[in-house]
Structures are given as structure tokens and as C-alpha cells.
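Novice: query-v9.cif (mmCIF, C-alpha atoms) pasted underneath:
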```cif
data_final
loop_
_atom_site.label_atom_id
_atom_site.label_comp_id
_atom_site.auth_asym_id
_atom_site.auth_seq_id
_atom_site.Cartn_x
_atom_site.Cartn_y
_atom_site.Cartn_z
CA MET A 1 237.57 58.69 79.58
CA ILE A 2 234.00 59.49 78.55
CA THR A 3 231.43 57.29 80.26
CA ASP A 4 228.42 56.05 78.30
CA GLN A 5 225.39 57.01 80.36
CA ARG A 6 222.72 56.38 77.71
CA GLY A 7 219.35 55.18 78.93
CA PRO A 8 217.29 52.54 77.15
CA ASP A 9 216.25 53.27 73.56
CA LYS A 10 212.62 54.27 73.28
CA GLY A 11 212.11 51.77 70.50
CA ASN A 12 211.45 54.36 67.79
CA GLY A 13 215.06 55.06 66.93
CA MET A 14 215.00 58.27 68.98
CA SER A 15 217.42 58.91 71.83
CA ASP A 16 215.94 59.68 75.22
CA GLN A 17 218.87 61.98 75.96
CA LYS A 18 218.28 65.68 76.54
CA ARG A 19 219.69 68.26 74.14
CA THR A 20 221.37 71.58 74.85
CA PRO A 21 220.35 74.73 72.94
CA LEU A 22 223.43 74.20 70.75
CA TYR A 23 222.56 70.67 69.61
CA ASP A 24 221.67 71.59 66.02
CA LEU A 25 224.81 73.72 65.73
CA HIS A 26 226.95 70.77 66.84
CA VAL A 27 225.37 68.59 64.16
CA ASP A 28 225.88 71.31 61.53
CA LEU A 29 229.54 71.51 62.55
CA GLY A 30 229.96 67.77 61.95
CA ALA A 31 230.24 66.72 65.58
CA LYS A 32 230.15 63.09 66.62
CA MET A 33 227.40 63.06 69.25
CA VAL A 34 227.46 60.69 72.24
CA PRO A 35 225.33 60.21 75.35
CA PHE A 36 226.87 61.87 78.41
CA ALA A 37 225.22 62.56 81.78
CA GLY A 38 221.77 62.30 80.24
CA TYR A 39 222.51 64.59 77.26
CA ASP A 40 223.51 64.15 73.63
CA MET A 41 226.89 65.88 73.60
CA PRO A 42 229.69 66.38 71.04
CA VAL A 43 232.67 64.15 71.77
CA GLN A 44 234.70 65.50 68.82
CA TYR A 45 234.48 67.45 65.58
CA GLY A 46 236.27 67.17 62.26
CA LEU A 47 239.69 68.08 63.65
CA GLY A 48 239.67 65.05 65.96
CA VAL A 49 240.51 64.90 69.66
CA MET A 50 244.29 65.33 69.32
CA LYS A 51 244.14 68.45 67.15
CA GLU A 52 241.29 69.95 69.19
CA HIS A 53 243.37 69.51 72.35
CA LEU A 54 246.45 71.13 70.84
CA HIS A 55 244.42 73.97 69.31
CA CYS A 56 242.99 74.84 72.73
CA ARG A 57 246.50 74.90 74.21
CA ALA A 58 247.78 77.12 71.37
CA LYS A 59 244.83 79.41 70.59
CA ALA A 60 241.21 79.10 71.79
CA GLY A 61 238.54 76.43 71.96
CA LEU A 62 234.79 76.77 72.43
CA PHE A 63 233.02 74.19 74.59
CA ASP A 64 229.31 73.64 75.16
CA VAL A 65 228.87 72.92 78.87
CA SER A 66 225.16 73.71 78.97
CA HIS A 67 224.44 70.27 80.45
CA MET A 68 225.84 71.46 83.76
CA GLY A 69 223.52 72.80 86.45
CA GLN A 70 223.16 76.53 87.12
CA VAL A 71 221.54 77.47 90.43
CA LYS A 72 220.79 80.77 92.18
CA LEU A 73 220.57 80.99 95.97
CA VAL A 74 218.53 84.06 96.88
CA GLY A 75 217.83 85.49 100.29
CA GLU A 76 219.50 87.19 103.23
CA GLY A 77 221.98 84.84 104.85
CA ALA A 78 222.41 82.61 101.78
CA ALA A 79 226.21 82.58 102.13
CA LYS A 80 226.15 81.63 105.81
CA SER A 81 223.50 78.99 105.22
CA LEU A 82 225.53 77.44 102.38
CA GLU A 83 228.55 77.11 104.68
CA ALA A 84 226.64 74.38 106.55
CA LEU A 85 227.00 72.22 103.42
CA VAL A 86 230.51 73.05 102.15
CA PRO A 87 233.92 73.42 103.88
CA VAL A 88 234.46 76.70 102.02
CA ASP A 89 234.57 80.36 103.06
CA VAL A 90 231.40 81.60 101.41
CA VAL A 91 230.68 84.45 103.84
CA GLY A 92 234.08 86.03 103.13
CA LEU A 93 233.79 85.73 99.34
CA ALA A 94 233.81 89.26 97.92
CA GLU A 95 231.13 90.42 95.52
CA GLY A 96 232.20 89.74 91.95
CA ARG A 97 234.40 86.82 92.95
CA GLN A 98 234.11 83.05 92.53
CA ARG A 99 235.75 80.02 94.12
CA TYR A 100 235.86 76.25 93.85
CA GLY A 101 234.17 74.09 96.45
CA PHE A 102 232.41 70.79 97.12
CA PHE A 103 229.49 69.32 98.98
CA THR A 104 230.58 66.80 101.62
CA ASN A 105 228.77 63.94 103.31
CA GLU A 106 228.81 62.73 106.92
CA ASN A 107 231.77 60.42 106.22
CA GLY A 108 233.86 63.28 104.79
CA GLY A 109 233.36 62.14 101.19
CA ILE A 110 232.64 64.50 98.28
CA SER A 111 229.06 64.30 96.97
CA ASP A 112 229.81 66.80 94.19
CA ASP A 113 232.29 69.53 93.34
CA LEU A 114 231.13 72.95 92.20
CA MET A 115 231.87 76.59 91.51
CA LEU A 116 230.20 79.28 93.60
CA ALA A 117 230.14 83.03 92.97
CA ASN A 118 229.01 86.08 94.90
CA ARG A 119 226.85 88.01 92.43
CA GLY A 120 225.73 90.62 94.94
CA ASP A 121 222.04 89.86 95.37
CA HIS A 122 222.52 86.08 95.17
CA ILE A 123 225.02 83.23 95.27
CA PHE A 124 225.43 81.59 91.86
CA VAL A 125 226.39 77.91 91.87
CA VAL A 126 227.44 75.69 88.95
CA VAL A 127 227.27 71.93 89.58
CA ASN A 128 227.98 68.79 87.57
CA ALA A 129 225.36 67.56 85.12
CA ALA A 130 225.00 64.05 86.53
CA CYS A 131 224.54 65.43 90.07
CA LYS A 132 222.40 68.52 89.47
CA ALA A 133 219.01 67.04 90.40
CA ALA A 134 220.43 65.61 93.62
CA ASP A 135 222.31 68.83 94.36
CA VAL A 136 219.22 71.02 93.94
CA ALA A 137 217.25 68.66 96.19
CA HIS A 138 220.10 68.73 98.73
CA LEU A 139 220.13 72.52 98.77
CA ARG A 140 216.35 72.77 99.14
CA ALA A 141 216.34 70.23 101.95
CA HIS A 142 219.15 71.71 104.02
CA LEU A 143 219.39 75.47 103.45
CA GLN A 144 217.40 77.70 105.75
CA ALA A 145 213.74 77.93 104.76
CA GLU A 146 213.97 81.59 103.77
CA ILE A 147 216.67 80.88 101.14
CA GLU A 148 215.16 80.42 97.68
CA VAL A 149 216.85 77.80 95.51
CA ILE A 150 216.24 78.63 91.83
CA GLU A 151 217.39 76.20 89.17
CA VAL A 152 218.29 78.25 86.09
CA THR A 153 216.91 76.49 83.00
CA ASP A 154 216.66 79.39 80.54
CA ARG A 155 220.41 79.91 80.07
CA ALA A 156 223.08 77.94 78.22
CA LEU A 157 226.69 77.72 79.40
CA LEU A 158 229.70 78.12 77.11
CA ALA A 159 233.39 77.91 77.91
CA LEU A 160 235.98 79.75 75.81
CA GLN A 161 239.42 78.43 76.77
CA GLY A 162 242.98 79.00 75.65
CA PRO A 163 245.68 81.69 75.49
CA ALA A 164 243.77 83.62 72.80
CA ALA A 165 240.47 83.58 74.75
CA GLU A 166 240.85 87.10 76.15
CA ALA A 167 241.66 88.70 72.81
CA VAL A 168 238.78 86.88 71.10
CA LEU A 169 236.16 87.76 73.72
CA ALA A 170 237.45 91.34 74.02
CA GLU A 171 236.42 91.92 70.40
CA LEU A 172 232.82 91.50 71.59
CA ASN A 173 233.34 93.54 74.75
CA PRO A 174 236.71 95.01 75.86
CA ALA A 175 235.61 94.89 79.53
CA VAL A 176 236.53 91.21 79.76
CA ALA A 177 240.22 92.11 79.54
CA ASP A 178 239.99 93.77 82.95
CA MET A 179 238.81 90.57 84.63
CA ALA A 180 241.29 88.57 86.72
CA PHE A 181 241.19 84.83 87.38
CA MET A 182 237.97 83.93 89.26
CA ASP A 183 236.33 87.33 88.70
CA VAL A 184 232.64 87.30 87.75
CA ALA A 185 230.67 90.06 86.02
CA THR A 186 227.54 90.79 84.01
CA ILE A 187 228.71 91.74 80.53
CA ASP A 188 226.94 92.37 77.23
CA LEU A 189 228.21 89.98 74.57
CA ASN A 190 226.81 90.03 71.04
CA GLY A 191 223.75 91.91 72.32
CA ALA A 192 222.95 89.47 75.16
CA GLU A 193 223.27 89.94 78.93
CA CYS A 194 225.83 87.32 79.95
CA TRP A 195 227.10 86.21 83.33
CA VAL A 196 230.82 85.81 82.75
CA SER A 197 233.48 84.27 84.96
CA ARG A 198 237.18 84.15 84.19
CA SER A 199 237.61 80.47 84.85
CA GLY A 200 237.40 77.06 83.21
CA TYR A 201 238.53 73.46 83.51
CA THR A 202 241.35 73.04 81.03
CA GLY A 203 244.31 74.56 82.88
CA GLU A 204 244.27 77.42 80.37
CA ASP A 205 243.13 81.02 80.70
CA GLY A 206 239.55 81.48 79.63
CA PHE A 207 235.97 82.31 80.43
CA GLU A 208 232.72 80.55 81.26
CA ILE A 209 229.68 82.36 79.88
CA SER A 210 226.09 81.91 81.02
CA VAL A 211 223.96 83.21 78.14
CA PRO A 212 220.18 83.21 77.56
CA ASN A 213 219.08 80.17 75.56
CA SER A 214 217.65 82.42 72.86
CA ALA A 215 221.05 84.06 72.28
CA ALA A 216 223.32 81.04 72.74
CA VAL A 217 223.62 79.92 69.12
CA ASP A 218 224.29 83.44 67.82
CA LEU A 219 226.97 83.99 70.48
CA ALA A 220 228.60 80.64 69.70
CA LYS A 221 228.62 81.45 65.97
CA ALA A 222 230.13 84.88 66.64
CA LEU A 223 232.96 83.30 68.61
CA LEU A 224 233.51 80.51 66.10
CA ALA A 225 233.76 83.07 63.31
CA HIS A 226 237.12 84.13 64.76
CA ASP A 227 240.10 82.50 63.05
CA ASP A 228 241.60 81.50 66.41
CA VAL A 229 238.54 79.59 67.68
CA GLU A 230 237.60 75.97 67.02
CA PRO A 231 234.75 73.94 68.55
CA ILE A 232 236.04 71.42 71.10
CA GLY A 233 234.30 68.23 72.23
CA LEU A 234 234.22 66.12 75.37
CA GLY A 235 237.20 64.03 74.28
CA ALA A 236 239.66 66.92 74.27
CA ARG A 237 237.98 68.44 77.33
CA ASP A 238 238.86 65.25 79.20
CA SER A 239 242.49 65.13 78.04
CA LEU A 240 242.95 68.85 78.75
CA ARG A 241 241.67 68.60 82.32
CA LEU A 242 243.73 65.42 82.90
CA GLU A 243 246.94 67.15 81.82
CA GLY A 244 245.90 70.02 84.09
CA GLY A 245 245.64 67.65 87.07
CA LEU A 246 241.95 68.52 87.50
CA CYS A 247 239.53 66.02 89.04
CA LEU A 248 236.51 64.60 87.24
CA TYR A 249 233.62 63.87 89.58
CA GLY A 250 232.63 60.21 89.66
CA HIS A 251 236.14 59.21 88.65
CA ASP A 252 238.89 61.00 90.63
CA ILE A 253 236.56 62.15 93.42
CA ASP A 254 233.35 60.64 94.75
CA ALA A 255 231.30 60.07 97.88
CA GLN A 256 233.99 57.76 99.30
CA THR A 257 236.88 60.18 98.70
CA THR A 258 237.74 62.98 101.13
CA PRO A 259 239.13 66.35 100.03
CA VAL A 260 242.35 65.57 101.91
CA GLU A 261 242.88 62.30 100.04
CA ALA A 262 242.11 64.10 96.77
CA GLY A 263 244.67 66.85 97.39
CA LEU A 264 241.98 69.54 97.44
CA THR A 265 242.84 71.03 100.83
CA TRP A 266 243.77 74.33 99.11
CA ALA A 267 240.01 74.83 98.66
CA ILE A 268 239.37 74.70 102.43
CA GLN A 269 240.15 78.20 103.69
CA LYS A 270 241.73 78.79 107.12
CA VAL A 271 238.51 80.24 108.52
CA ARG A 272 236.83 76.81 108.12
CA ARG A 273 239.74 74.83 109.57
CA GLN A 274 240.55 74.01 113.17
CA GLY A 275 241.16 77.28 115.00
CA GLY A 276 239.36 79.37 112.39
CA ASP A 277 236.49 81.70 113.22
CA ARG A 278 233.98 79.38 111.51
CA ALA A 279 235.78 76.06 111.84
CA GLY A 280 233.81 72.94 111.02
CA GLY A 281 230.03 72.99 110.92
CA PHE A 282 229.86 71.13 107.59
CA PRO A 283 229.07 67.43 106.98
CA GLY A 284 232.04 65.17 107.73
CA ALA A 285 233.97 67.94 109.48
CA ASP A 286 235.40 65.59 112.12
CA VAL A 287 236.84 63.28 109.45
CA ILE A 288 238.15 66.05 107.19
CA LEU A 289 239.64 68.21 109.94
CA GLY A 290 241.13 65.08 111.51
CA GLN A 291 242.85 64.18 108.24
CA LEU A 292 244.08 67.75 107.84
CA ALA A 293 245.76 67.39 111.23
CA ASP A 294 246.97 63.79 111.05
CA GLY A 295 247.12 62.93 107.36
CA ALA A 296 245.08 60.60 105.17
CA PRO A 297 245.76 56.91 104.47
CA ARG A 298 245.95 57.46 100.70
CA LYS A 299 246.66 60.29 98.29
CA ARG A 300 245.81 61.29 94.73
CA VAL A 301 248.97 61.44 92.65
CA GLY A 302 250.08 62.01 89.09
CA LEU A 303 251.45 58.95 87.31
CA ARG A 304 253.63 58.66 84.18
CA PRO A 305 253.56 55.17 82.63
CA ASP A 306 256.76 54.00 80.97
CA GLY A 307 256.55 53.69 77.21
CA ARG A 308 253.73 54.90 74.97
CA ALA A 309 250.79 52.77 76.09
CA PRO A 310 248.20 54.65 78.19
CA MET A 311 246.88 53.12 81.40
CA ARG A 312 243.26 53.97 81.98
CA GLU A 313 240.73 54.13 84.78
CA GLY A 314 240.43 50.94 86.81
CA VAL A 315 244.02 49.71 86.43
CA LEU A 316 245.18 48.32 89.80
CA LEU A 317 248.49 49.58 91.23
CA PHE A 318 251.07 47.57 93.20
CA ASP A 319 254.23 48.53 95.07
CA GLU A 320 256.21 45.67 93.51
CA ALA A 321 255.99 43.89 90.18
CA ASP A 322 255.13 40.62 91.92
CA ALA A 323 253.04 41.99 94.80
CA VAL A 324 249.71 40.31 95.54
CA THR A 325 247.84 43.12 97.30
CA PRO A 326 247.16 46.35 95.37
CA ILE A 327 248.07 49.68 96.97
CA GLY A 328 245.80 51.77 94.79
CA GLN A 329 244.09 52.28 91.46
CA ILE A 330 244.12 54.59 88.46
CA THR A 331 241.07 56.86 88.30
CA SER A 332 241.82 58.75 85.06
CA GLY A 333 244.28 57.97 82.32
CA GLY A 334 245.01 58.49 78.65
CA PHE A 335 247.43 60.05 76.20
CA GLY A 336 248.55 63.62 76.90
CA PRO A 337 248.95 65.40 73.54
CA THR A 338 250.80 68.36 75.07
CA VAL A 339 253.29 66.23 76.99
CA GLU A 340 253.46 63.74 74.10
CA GLY A 341 253.01 60.67 76.24
CA PRO A 342 250.64 58.75 78.49
CA VAL A 343 249.50 60.35 81.75
CA ALA A 344 247.29 59.18 84.57
CA MET A 345 245.98 60.09 88.00
CA GLY A 346 245.06 57.74 90.77
CA TYR A 347 245.27 56.92 94.45
CA VAL A 348 248.08 55.13 96.23
CA ALA A 349 248.83 54.45 99.86
CA THR A 350 250.49 57.49 101.44
CA ALA A 351 253.77 55.58 101.81
CA GLN A 352 254.00 55.31 98.00
CA ALA A 353 252.88 58.88 97.22
CA THR A 354 256.34 60.47 97.16
CA LYS A 355 257.60 61.99 93.89
CA GLY A 356 259.76 59.51 91.99
CA THR A 357 258.31 56.39 93.57
CA VAL A 358 257.86 53.57 91.05
CA VAL A 359 254.65 51.56 91.21
CA TYR A 360 253.30 48.90 88.89
CA GLY A 361 250.05 48.79 86.98
CA GLU A 362 248.45 45.57 85.82
CA LEU A 363 247.68 45.87 82.12
CA ARG A 364 246.54 42.90 80.03
CA GLY A 365 248.07 40.45 82.50
CA LYS A 366 251.43 42.24 82.75
CA ARG A 367 252.84 44.47 85.49
CA LEU A 368 254.23 47.65 83.95
CA PRO A 369 256.02 50.50 85.79
CA LEU A 370 254.67 53.99 86.42
CA THR A 371 256.43 56.85 88.20
CA VAL A 372 254.69 59.06 90.76
CA THR A 373 254.82 62.59 89.33
CA PRO A 374 253.76 66.03 90.64
CA LEU A 375 250.54 67.50 89.28
CA PRO A 376 249.74 69.19 86.96
CA PHE A 377 251.46 67.57 83.99
CA THR A 378 251.11 70.85 82.08
CA PRO A 379 251.63 74.16 83.95
CA ALA A 380 248.48 76.19 84.53
CA ASN A 381 248.10 79.29 82.37
CA PHE A 382 245.53 81.25 84.40
CA LYS A 383 245.59 85.06 84.41
CA ARG A 384 246.52 86.20 87.90
#
```
What does the file become when written as C-alpha cells?

Specialist:
Amino acid sequence: MITDQRGPDKGNGMSDQKRTPLYDLHVDLGAKMVPFAGYDMPVQYGLGVMKEHLHCRAKAGLFDVSHMGQVKLVGEGAAKSLEALVPVDVVGLAEGRQRYGFFTNENGGISDDLMLANRGDHIFVVVNAACKAADVAHLRAHLQAEIEVIEVTDRALLALQGPAAEAVLAELNPAVADMAFMDVATIDLNGAECWVSRSGYTGEDGFEISVPNSAAVDLAKALLAHDDVEPIGLGARDSLRLEGGLCLYGHDIDAQTTPVEAGLTWAIQKVRRQGGDRAGGFPGADVILGQLADGAPRKRVGLRPDGRAPMREGVLLFDEADAVTPIGQITSGGFGPTVEGPVAMGYVATAQATKGTVVYGELRGKRLPLTVTPLPFTPANFKR
């Protein structure tokens, strides 16, 4: 579900939202623009959310994700210094490789999730739009003094996602076909030096492309000129990531949610766990490592509502139809076009987190059943 984060109107009919370098292109393409994380962003185009979603699953979709934060960490020891803020193996990340991670707080909660890449002479970090100012301040306050934190503001960020993404991008540079999932490389695309990663947040194969602002529109137009590519807005981006079982920060994960509760323990490598060579040493380590050993009181689960009516964020969950005390809550929910039915994610008490367990959601004064279901709802299609 897209959250309205618009600030007050300036009184002159003009939005106070920021615009990405592709704003005019979105308008030319007929996008419906909405406020999101401080930016005017396209929520859908002429195809509509349902068809955009299905097109991305079948062929390739182009997303503007330039609102997200791009940050370079420069200086000897940047990887080791960053490990004091994330429960991730940064030191052992090979050059030309990327991995998922998150900042944690002293209570073991997640203050933001992110992607980090070893680009040889620096660590490249991509953070969420709504958190980027706080994240940059956090990095500057806590990394060693000799590490330079550079917020990249002269580059846009595009995501090309879907099973046809490789073939489409390879027409601009065949080198992208040699990239495996989570590889990163500097590649010339349409005459521009681009920082490319084979990754994305749809559950499909694809690429994220950091491109100079001055070349962003021309690159986007070159990609959209391909018959297999359609522009995709925030609406379909949300339903795609939900079907893929992928968390949205501020909804499925937040400062009160630990990585163990969220089911993100796969992102905490053995070297950072109890008994590892660099165990702990990050904020909230005692809580997180304790839950890794002993379990967490609640878990994020997939949920399939009965019938056709979606259950959305905020719906309370109960273990019985007539129970008084809730056992959890839905954090993301909607209609899954690929699975042709409603899907949701949320948290339930660990005792109710087993596959096949039936819980009840309160919707318009009625208690309706949902079944706990493994994630993702749609199998991932990454290139291994």
C-alpha cells in the first residue's frame, strides 16, 4: 500500500515534493503522480497497476527509483568500520559483489534496510528514500573519522526487472549477460558510465542502474523503445515485492522489529554470529544473537485470506474467531495478480506461525479466516 507522505501545500498550487530527473518523462508517458517519501512519483501509467504487474512478470518493466539514497564510503578500513553498524559480513564481501543488509539499533530493531556493494575503491550503499537523511547522518556520526561519507546526488537510479531484462539490456551492452545475481560492475550503457548491479526488488531477474542525471532520460527512453519494456509505477512495484515476500521498510520492518522476527536471519552471515570470527559488535547484538539462539516471540509470515477480498495493513489477527486478544497484525496486504488472489504478510505469535495454521482477521467488524503460508507467494526468478 502506498503511503501518502505529502507535506503541506505551499499555497500557490505547487507541490513541495522533490522531483527525480525523470519527472517530465513520467508526465509525458501519462503517469499518475503521487507524493511518496518526499518526492512526486508515478504510481501507475496507462496500462494500470494490474497489467503493469503482469507485464513485469512476463517481460520487462522499467522503474524510476531515483528517490532512493546513493552513498559512497571512501577510505581504508571502510568495510570494517561499517561492520560496527550492520550485522553483515562486509569485510568478506568480494570486489564486484553486493549483498543485502540493515542498520540496527540498541534494542535489536531495524532502523533501515539497504544494499551494499564492494566497488573496489569504495563501498557503495543504497538506502531507502524516507530514511536517507538519517542514514547519512548516522554513517557520518559513527564511522571512523577517516572514512568519507559521500552522498551521491548527481546520479539517477533505474531498475529494469523481469525475465526479458537481460536480453533488453544486452542490446545496449552484451557484458551484462555475464553478470550473476548480486554482481556489480561499471558498464557503458547508451554512451553513459553506469554502475550496474544484477538485483532488484520484484522477485524477478533484473538490474539496478545508477546513471548520471544528464544521461538518465536518454537511457530510460532507449530502454522503453524496446517492445518488451513498459514503464512501471509504485503500485505494481508494491504488489510485485509483496508477492515476492520482500519487506517494505516502515511497514513490514521498522525500529521495533528485529531481523529474527522478520525472518531475515539469512542476511546475517556466520562470521557475525555467535562463534564467528567477528561475532557481534553491532548495535543490538545481544538481543539479535540471543533470538538467533533461543527464538523470537513473534514471526513474520505469509497469509492467504479466504475468498477474494484483500486484507490490508493494520488488520488485527486473532487465533480464534471469537478471541478477545490479538496475536498479531497484517503489515502488508493486497491483491496478487500473479497468484490471482489476495495475499498478505504480517506478524503472529510464534505458536501460530506454523504453515497451515488458520488465524482470523478483523475486517469491517467481521472475523474472516486466513491461512499461514510459506513465503514467497511467487517463486523467485533470480539468475544464479

Novice: Starting from the displayed file, determine the output of the PyMOL selection byres ((chain A and resi 247) around 12) and express the residue list as a short mmCIF file (atom, residue, chain, number, x, y, z; two decimals) with C-alpha atoms, in the frame of the given file.

Specialist:
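See selection.cif below for the written result:
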```cif
data_model
loop_
_atom_site.label_atom_id
_atom_site.label_comp_id
_atom_site.auth_asym_id
_atom_site.auth_seq_id
_atom_site.Cartn_x
_atom_site.Cartn_y
_atom_site.Cartn_z
CA TYR A 100 235.86 76.25 93.85
CA PHE A 102 232.41 70.79 97.12
CA ILE A 110 232.64 64.50 98.28
CA ASP A 112 229.81 66.80 94.19
CA ASP A 113 232.29 69.53 93.34
CA LEU A 114 231.13 72.95 92.20
CA ASN A 128 227.98 68.79 87.57
CA TYR A 201 238.53 73.46 83.51
CA THR A 202 241.35 73.04 81.03
CA GLY A 203 244.31 74.56 82.88
CA ASP A 238 238.86 65.25 79.20
CA SER A 239 242.49 65.13 78.04
CA LEU A 240 242.95 68.85 78.75
CA ARG A 241 241.67 68.60 82.32
CA LEU A 242 243.73 65.42 82.90
CA GLU A 243 246.94 67.15 81.82
CA GLY A 244 245.90 70.02 84.09
CA GLY A 245 245.64 67.65 87.07
CA LEU A 246 241.95 68.52 87.50
CA LEU A 248 236.51 64.60 87.24
CA TYR A 249 233.62 63.87 89.58
CA GLY A 250 232.63 60.21 89.66
CA HIS A 251 236.14 59.21 88.65
CA ASP A 252 238.89 61.00 90.63
CA ILE A 253 236.56 62.15 93.42
CA ASP A 254 233.35 60.64 94.75
CA THR A 257 236.88 60.18 98.70
CA PRO A 259 239.13 66.35 100.03
CA ALA A 262 242.11 64.10 96.77
CA GLY A 263 244.67 66.85 97.39
CA LEU A 264 241.98 69.54 97.44
CA ARG A 300 245.81 61.29 94.73
CA VAL A 301 248.97 61.44 92.65
CA GLY A 302 250.08 62.01 89.09
CA THR A 331 241.07 56.86 88.30
CA SER A 332 241.82 58.75 85.06
CA GLY A 333 244.28 57.97 82.32
CA ALA A 344 247.29 59.18 84.57
CA MET A 345 245.98 60.09 88.00
CA GLY A 346 245.06 57.74 90.77
CA LEU A 375 250.54 67.50 89.28
CA PRO A 376 249.74 69.19 86.96
#
```

Novice: Under the PyMOL selection byres ((chain A and resi 226) around 12), which residues of this model are included? Write them out as a PyMOL selection string.

Specialist: chain A and resi 59-62+160+164-165+167-172+219-225+227-231

Novice: Once the PyMOL selection byres ((chain A and resi 156) around 8) has been applied to the shown file, what residues remain in the selection, as number ranges by chain?

Specialist: A: 20-21, 65-66, 153-155, 157-158, 210-213, 216

Novice: Do you have the atom CA of Gln70 of chain A-atom CA of Ala130 of chain A distance handy?

Specialist: 12.6 Å

Novice: Counting only C-alpha atoms, which residues in segment 97-185 of chain A sit no more than 12 Å from segment 287-292 of chain A? For each one, give the nearest pair of atoms and the distance in Å, sorted by chain then residue number, as CSV.

Specialist:
```
residue,atom,partner,partner_atom,distance
A:Thr104,CA,A:Ile288,CA,9.4
A:Asn105,CA,A:Val287,CA,10.2
A:Glu106,CA,A:Val287,CA,8.4
A:Asn107,CA,A:Val287,CA,6.7
A:Gly108,CA,A:Val287,CA,5.5
A:Gly109,CA,A:Ile288,CA,8.6
A:Ile110,CA,A:Ile288,CA,10.6
```

Novice: Please dump the current selection as a PDB file, in the coordinates of the input; keep C-alpha atoms.

Specialist:
```pdb
ATOM      1  CA  THR A 104     230.580  66.800 101.620  1.00  0.00           C
ATOM      2  CA  ASN A 105     228.770  63.940 103.310  1.00  0.00           C
ATOM      3  CA  GLU A 106     228.810  62.730 106.920  1.00  0.00           C
ATOM      4  CA  ASN A 107     231.770  60.420 106.220  1.00  0.00           C
ATOM      5  CA  GLY A 108     233.860  63.280 104.790  1.00  0.00           C
ATOM      6  CA  GLY A 109     233.360  62.140 101.190  1.00  0.00           C
ATOM      7  CA  ILE A 110     232.640  64.500  98.280  1.00  0.00           C
TER       8      ILE A 110
END
```

Novice: Which protein, DNA or RNA residues have an atom at most 12 Å from (220.0, 64.9, 90.9), counting all atoms listed in the file? List them as an MDAnalysis selection string.

Specialist: chainID A and resid 37:38 68:69 111:112 127:140 151

Novice: Given the choices A:Ala323, A:Val348, A:Glu83, A:Val343, which gets closest to Arg367 of chain A if the distance is worked out from only C-alpha atoms?

Specialist: A:Ala323

Novice: For Pro337 of chain A, which residue out of A:Ala145, A:Ile123, A:Ala279, A:Met50 is the nearest one, using all atoms listed in the file?

Specialist: A:Met50

Novice: Have a look at A:Ala159, A:Val126, A:Leu370, A:Ala177 and name the one nearest to Asp306 of chain A; count all atoms listed in the file.

Specialist: A:Leu370
